[in-house]
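Participant: Please see the structure below; I have some questions.
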Amino acid sequence: MGEPSHKIMQYIRHHGIVRPRDIEAIGLPREYLFRLHRQGRLTRSGRGIYTLPDAPITEHHSLAEVAKRVPEAVICLLSALAFHEITTQVPPYVWIALRKGARKPAISSPSLQIVRLSGASLTEGIEASHIEGVPVRVYSAAKTVADCFKFRNKFGLDVAIEALKDAIRQKKATINQIYRYAKICRVGNVIRPYMEAL
């Protein structure tokens, strides 16, 4: 095995998922990546996304794929609820938050649902996580509950109320944490009666 191929295999073992631009960033031509794929030593799991054939695929693989291809995205709403195990629903899309005015990602798979945020409602409550070796930005459980109330018109108030109850019951967030983010998301008055009913 040539030196560049060896370097690429080491890089993939460490990072889990790679794109051609990652290989160029470490000073190697992307052609080596394609060659390893043709030899069957790498699997192409999506357009421009390569992994080891025996790499463990987790239930959150689609989140890792999206984070690799859209690093500025933050996993939010139903996808964040599933990540924090606050819901039993598995959303058919990956929900991401992007800043207002950011270019829409050119990704056909996995399917995306995009919400646009700005200011503190975009930047507050982000937690850094790792899925399959990929850094993934996900909103905290408390921020996600507040976001569910903010975007209740997208999937119903019942989902937001259920998320609030489950987050408190499972001790994934406190009432004070949720209320702090509710104020940031400008839904403090909307969420207050549901919190008082708990």
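Here's how to read the names in the structure tokens: chain A, B, ... by the order shown, residue numbers from 1 in each chain, ligand numbers from 1 in the order shown.
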Give me the residues near stretch 155-161 of chain A as a ChimeraX atom specification, where near means some atom within 12 Å (using only C-alpha atoms) and where sequence neighbours in that chain fewer than 3 positions away do not count.

Facilitator: /A:77-78,81,86-89,91,113,142-152,164-168,178,182,187,190-195,197-198

Participant: Please extract the residues of stretch 57-174 of chain A with a backbone DSSP assignment of alpha helix (DSSP H) and present them as an NGL selection string.

Facilitator: :A and (61-69 or 77-83 or 120-123 or 141-150 or 152-155 or 157-169)

Participant: Write a file of the selected residues as a short mmCIF file (atom, residue, chain, number, x, y, z; two decimals), in the first residue's frame, keeping C-alpha atoms.

Facilitator:
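Result file is result-v5.cif:
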```cif
data_model
loop_
_atom_site.label_atom_id
_atom_site.label_comp_id
_atom_site.auth_asym_id
_atom_site.auth_seq_id
_atom_site.Cartn_x
_atom_site.Cartn_y
_atom_site.Cartn_z
CA HIS A 61 -25.65 8.21 11.13
CA SER A 62 -27.72 10.72 9.12
CA LEU A 63 -26.87 13.43 11.68
CA ALA A 64 -23.15 12.67 11.26
CA GLU A 65 -23.52 12.82 7.47
CA VAL A 66 -25.28 16.18 7.59
CA ALA A 67 -22.75 17.60 10.08
CA LYS A 68 -19.90 16.52 7.81
CA ARG A 69 -21.44 18.14 4.76
CA LEU A 77 -36.33 20.31 16.64
CA LEU A 78 -37.52 16.70 16.00
CA SER A 79 -33.99 15.47 15.16
CA ALA A 80 -32.63 16.98 18.39
CA LEU A 81 -35.54 15.46 20.36
CA ALA A 82 -34.65 12.03 18.91
CA PHE A 83 -30.94 12.61 19.64
CA ALA A 120 -29.20 34.41 20.34
CA SER A 121 -31.91 32.01 19.13
CA LEU A 122 -29.31 30.64 16.67
CA THR A 123 -26.19 30.71 18.86
CA ALA A 141 -32.69 19.46 25.40
CA ALA A 142 -33.91 22.70 27.04
CA LYS A 143 -33.29 24.79 23.89
CA THR A 144 -34.97 22.11 21.76
CA VAL A 145 -38.14 22.21 23.88
CA ALA A 146 -38.26 26.02 23.54
CA ASP A 147 -37.72 25.68 19.77
CA CYS A 148 -40.62 23.20 19.56
CA PHE A 149 -42.89 25.90 20.99
CA LYS A 150 -41.39 28.51 18.64
CA ARG A 152 -45.28 24.70 16.88
CA ASN A 153 -47.03 25.66 13.62
CA LYS A 154 -44.73 23.21 11.74
CA PHE A 155 -45.74 20.05 13.62
CA LEU A 157 -48.57 22.21 19.78
CA ASP A 158 -49.10 18.64 21.05
CA VAL A 159 -45.51 17.71 20.05
CA ALA A 160 -44.16 20.74 21.94
CA ILE A 161 -46.21 19.96 25.06
CA GLU A 162 -45.13 16.30 24.97
CA ALA A 163 -41.47 17.36 24.58
CA LEU A 164 -41.81 19.68 27.59
CA LYS A 165 -43.35 16.94 29.77
CA ASP A 166 -40.84 14.28 28.68
CA ALA A 167 -37.79 16.54 29.10
CA ILE A 168 -38.84 17.40 32.69
CA ARG A 169 -39.90 13.82 33.58
#
```

Participant: Out of A:Pro110, A:Ile23, A:Pro29, A:Val94, which residue has the shortest atom-to-atom distance to A:Arg47 when counting only C-alpha atoms?

Facilitator: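 When distances to A:Arg47 are compared using only C-alpha atoms, the smallest one comes from A:Pro110.
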
Participant: Would you please work out which residue, of A:Ile96, A:Leu42, A:Ile175, A:Ile75, is nearest to A:Asp54 when using only C-alpha atoms?

Facilitator: A:Leu42

Participant: So which residues of stretch 38-149 of chain A fall under strand (DSSP E or B) by DSSP, listed as an MDAnalysis selection string?

Facilitator: chainID A and resid 43:46 49:51 74:75 94:99 112:117 126:131 134:139

Participant: Show me, as a ChimeraX atom specification, the residues that have an atom within 7 Å of A:Glu127 when counting only C-alpha atoms, minus same-chain residues fewer than 4 positions from it.

Facilitator: /A:137-140

Participant: Can you measure atom CA of A:His60 to atom CA of A:Arg19 for me? One decimal in Å is fine.

Facilitator: 18.3 Å

Participant: A:Gly125, A:His14, A:Gln177, A:Pro4: which is nearest A:Gly27, counting only C-alpha atoms?

Facilitator: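 Checking each of A:Gly125, A:His14, A:Gln177, A:Pro4 against A:Gly27, counting only C-alpha atoms, the winner is A:Pro4.
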
Participant: Taking only C-alpha atoms into account, which of A:Glu85, A:Ile126, A:Glu31, A:Ile49 comes nearest A:Ile107?

Facilitator: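 Smallest distance to A:Ile107 is found for A:Ile49.
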
Participant: Hey, what's within 12 Å of A:Asp22 if we count only C-alpha atoms and toss same-chain stuff fewer than 2 positions away? As a PyMOL selection string, please?

Facilitator: chain A and resi 8+11-12+15-20+24-30+33+48-50+68-69

Participant: Let me see the file: selected residues, N, CA and C atoms, as a PDB file, in the first residue's frame.

Facilitator:
```pdb
ATOM      1  N   ILE A   8      -4.488   8.123   4.165  1.00  0.00           N
ATOM      2  CA  ILE A   8      -5.939   8.292   4.050  1.00  0.00           C
ATOM      3  C   ILE A   8      -6.658   7.289   4.949  1.00  0.00           C
ATOM      4  N   TYR A  11      -6.439   8.412   8.463  1.00  0.00           N
ATOM      5  CA  TYR A  11      -7.295   9.575   8.665  1.00  0.00           C
ATOM      6  C   TYR A  11      -8.755   9.142   8.840  1.00  0.00           C
ATOM      7  N   ILE A  12      -9.207   8.212   7.989  1.00  0.00           N
ATOM      8  CA  ILE A  12     -10.594   7.747   8.063  1.00  0.00           C
ATOM      9  C   ILE A  12     -10.846   6.960   9.345  1.00  0.00           C
ATOM     10  N   HIS A  15     -11.318   9.766  11.885  1.00  0.00           N
ATOM     11  CA  HIS A  15     -12.414  10.720  11.705  1.00  0.00           C
ATOM     12  C   HIS A  15     -13.751  10.088  11.327  1.00  0.00           C
ATOM     13  N   GLY A  16     -13.782   8.818  10.971  1.00  0.00           N
ATOM     14  CA  GLY A  16     -15.041   8.126  10.702  1.00  0.00           C
ATOM     15  C   GLY A  16     -15.625   8.366   9.319  1.00  0.00           C
ATOM     16  N   ILE A  17     -15.928   9.609   9.017  1.00  0.00           N
ATOM     17  CA  ILE A  17     -16.517   9.969   7.726  1.00  0.00           C
ATOM     18  C   ILE A  17     -15.636  11.044   7.104  1.00  0.00           C
ATOM     19  N   VAL A  18     -15.296  10.879   5.822  1.00  0.00           N
ATOM     20  CA  VAL A  18     -14.480  11.907   5.157  1.00  0.00           C
ATOM     21  C   VAL A  18     -15.072  12.299   3.816  1.00  0.00           C
ATOM     22  N   ARG A  19     -14.712  13.492   3.391  1.00  0.00           N
ATOM     23  CA  ARG A  19     -15.086  14.009   2.083  1.00  0.00           C
ATOM     24  C   ARG A  19     -13.794  14.259   1.297  1.00  0.00           C
ATOM     25  N   PRO A  20     -13.877  14.347  -0.023  1.00  0.00           N
ATOM     26  CA  PRO A  20     -12.674  14.616  -0.817  1.00  0.00           C
ATOM     27  C   PRO A  20     -11.917  15.866  -0.352  1.00  0.00           C
ATOM     28  N   GLU A  24      -7.847  16.613   0.578  1.00  0.00           N
ATOM     29  CA  GLU A  24      -7.042  17.708   0.021  1.00  0.00           C
ATOM     30  C   GLU A  24      -6.491  18.596   1.131  1.00  0.00           C
ATOM     31  N   ALA A  25      -7.254  18.771   2.205  1.00  0.00           N
ATOM     32  CA  ALA A  25      -6.826  19.619   3.322  1.00  0.00           C
ATOM     33  C   ALA A  25      -5.604  19.049   4.047  1.00  0.00           C
ATOM     34  N   ILE A  26      -5.406  17.724   3.959  1.00  0.00           N
ATOM     35  CA  ILE A  26      -4.205  17.143   4.580  1.00  0.00           C
ATOM     36  C   ILE A  26      -3.092  16.965   3.543  1.00  0.00           C
ATOM     37  N   GLY A  27      -3.276  17.598   2.391  1.00  0.00           N
ATOM     38  CA  GLY A  27      -2.209  17.658   1.392  1.00  0.00           C
ATOM     39  C   GLY A  27      -2.126  16.491   0.430  1.00  0.00           C
ATOM     40  N   LEU A  28      -3.219  15.745   0.279  1.00  0.00           N
ATOM     41  CA  LEU A  28      -3.206  14.597  -0.631  1.00  0.00           C
ATOM     42  C   LEU A  28      -4.230  14.804  -1.743  1.00  0.00           C
ATOM     43  N   PRO A  29      -3.950  14.304  -2.950  1.00  0.00           N
ATOM     44  CA  PRO A  29      -4.924  14.429  -4.040  1.00  0.00           C
ATOM     45  C   PRO A  29      -6.147  13.548  -3.764  1.00  0.00           C
ATOM     46  N   ARG A  30      -7.331  14.059  -4.104  1.00  0.00           N
ATOM     47  CA  ARG A  30      -8.571  13.314  -3.864  1.00  0.00           C
ATOM     48  C   ARG A  30      -8.640  12.028  -4.676  1.00  0.00           C
ATOM     49  N   LEU A  33      -8.485   8.823  -2.759  1.00  0.00           N
ATOM     50  CA  LEU A  33      -9.730   8.450  -2.094  1.00  0.00           C
ATOM     51  C   LEU A  33     -10.612   7.646  -3.052  1.00  0.00           C
ATOM     52  N   GLY A  48     -20.195  12.123  -2.103  1.00  0.00           N
ATOM     53  CA  GLY A  48     -19.016  12.774  -1.529  1.00  0.00           C
ATOM     54  C   GLY A  48     -18.727  12.408  -0.092  1.00  0.00           C
ATOM     55  N   ILE A  49     -19.289  11.308   0.404  1.00  0.00           N
ATOM     56  CA  ILE A  49     -19.103  10.868   1.791  1.00  0.00           C
ATOM     57  C   ILE A  49     -18.544   9.443   1.773  1.00  0.00           C
ATOM     58  N   TYR A  50     -17.379   9.253   2.400  1.00  0.00           N
ATOM     59  CA  TYR A  50     -16.718   7.946   2.409  1.00  0.00           C
ATOM     60  C   TYR A  50     -16.476   7.473   3.837  1.00  0.00           C
ATOM     61  N   LYS A  68     -21.120  16.563   8.626  1.00  0.00           N
ATOM     62  CA  LYS A  68     -19.903  16.521   7.812  1.00  0.00           C
ATOM     63  C   LYS A  68     -20.056  17.411   6.582  1.00  0.00           C
ATOM     64  N   ARG A  69     -21.237  17.394   5.992  1.00  0.00           N
ATOM     65  CA  ARG A  69     -21.444  18.138   4.756  1.00  0.00           C
ATOM     66  C   ARG A  69     -21.873  19.586   4.976  1.00  0.00           C
TER      67      ARG A  69
END
```

Participant: In Å to one decimal, how far is atom CA of A:Val70 from atom CA of A:Pro105?

Facilitator: 7.0 Å
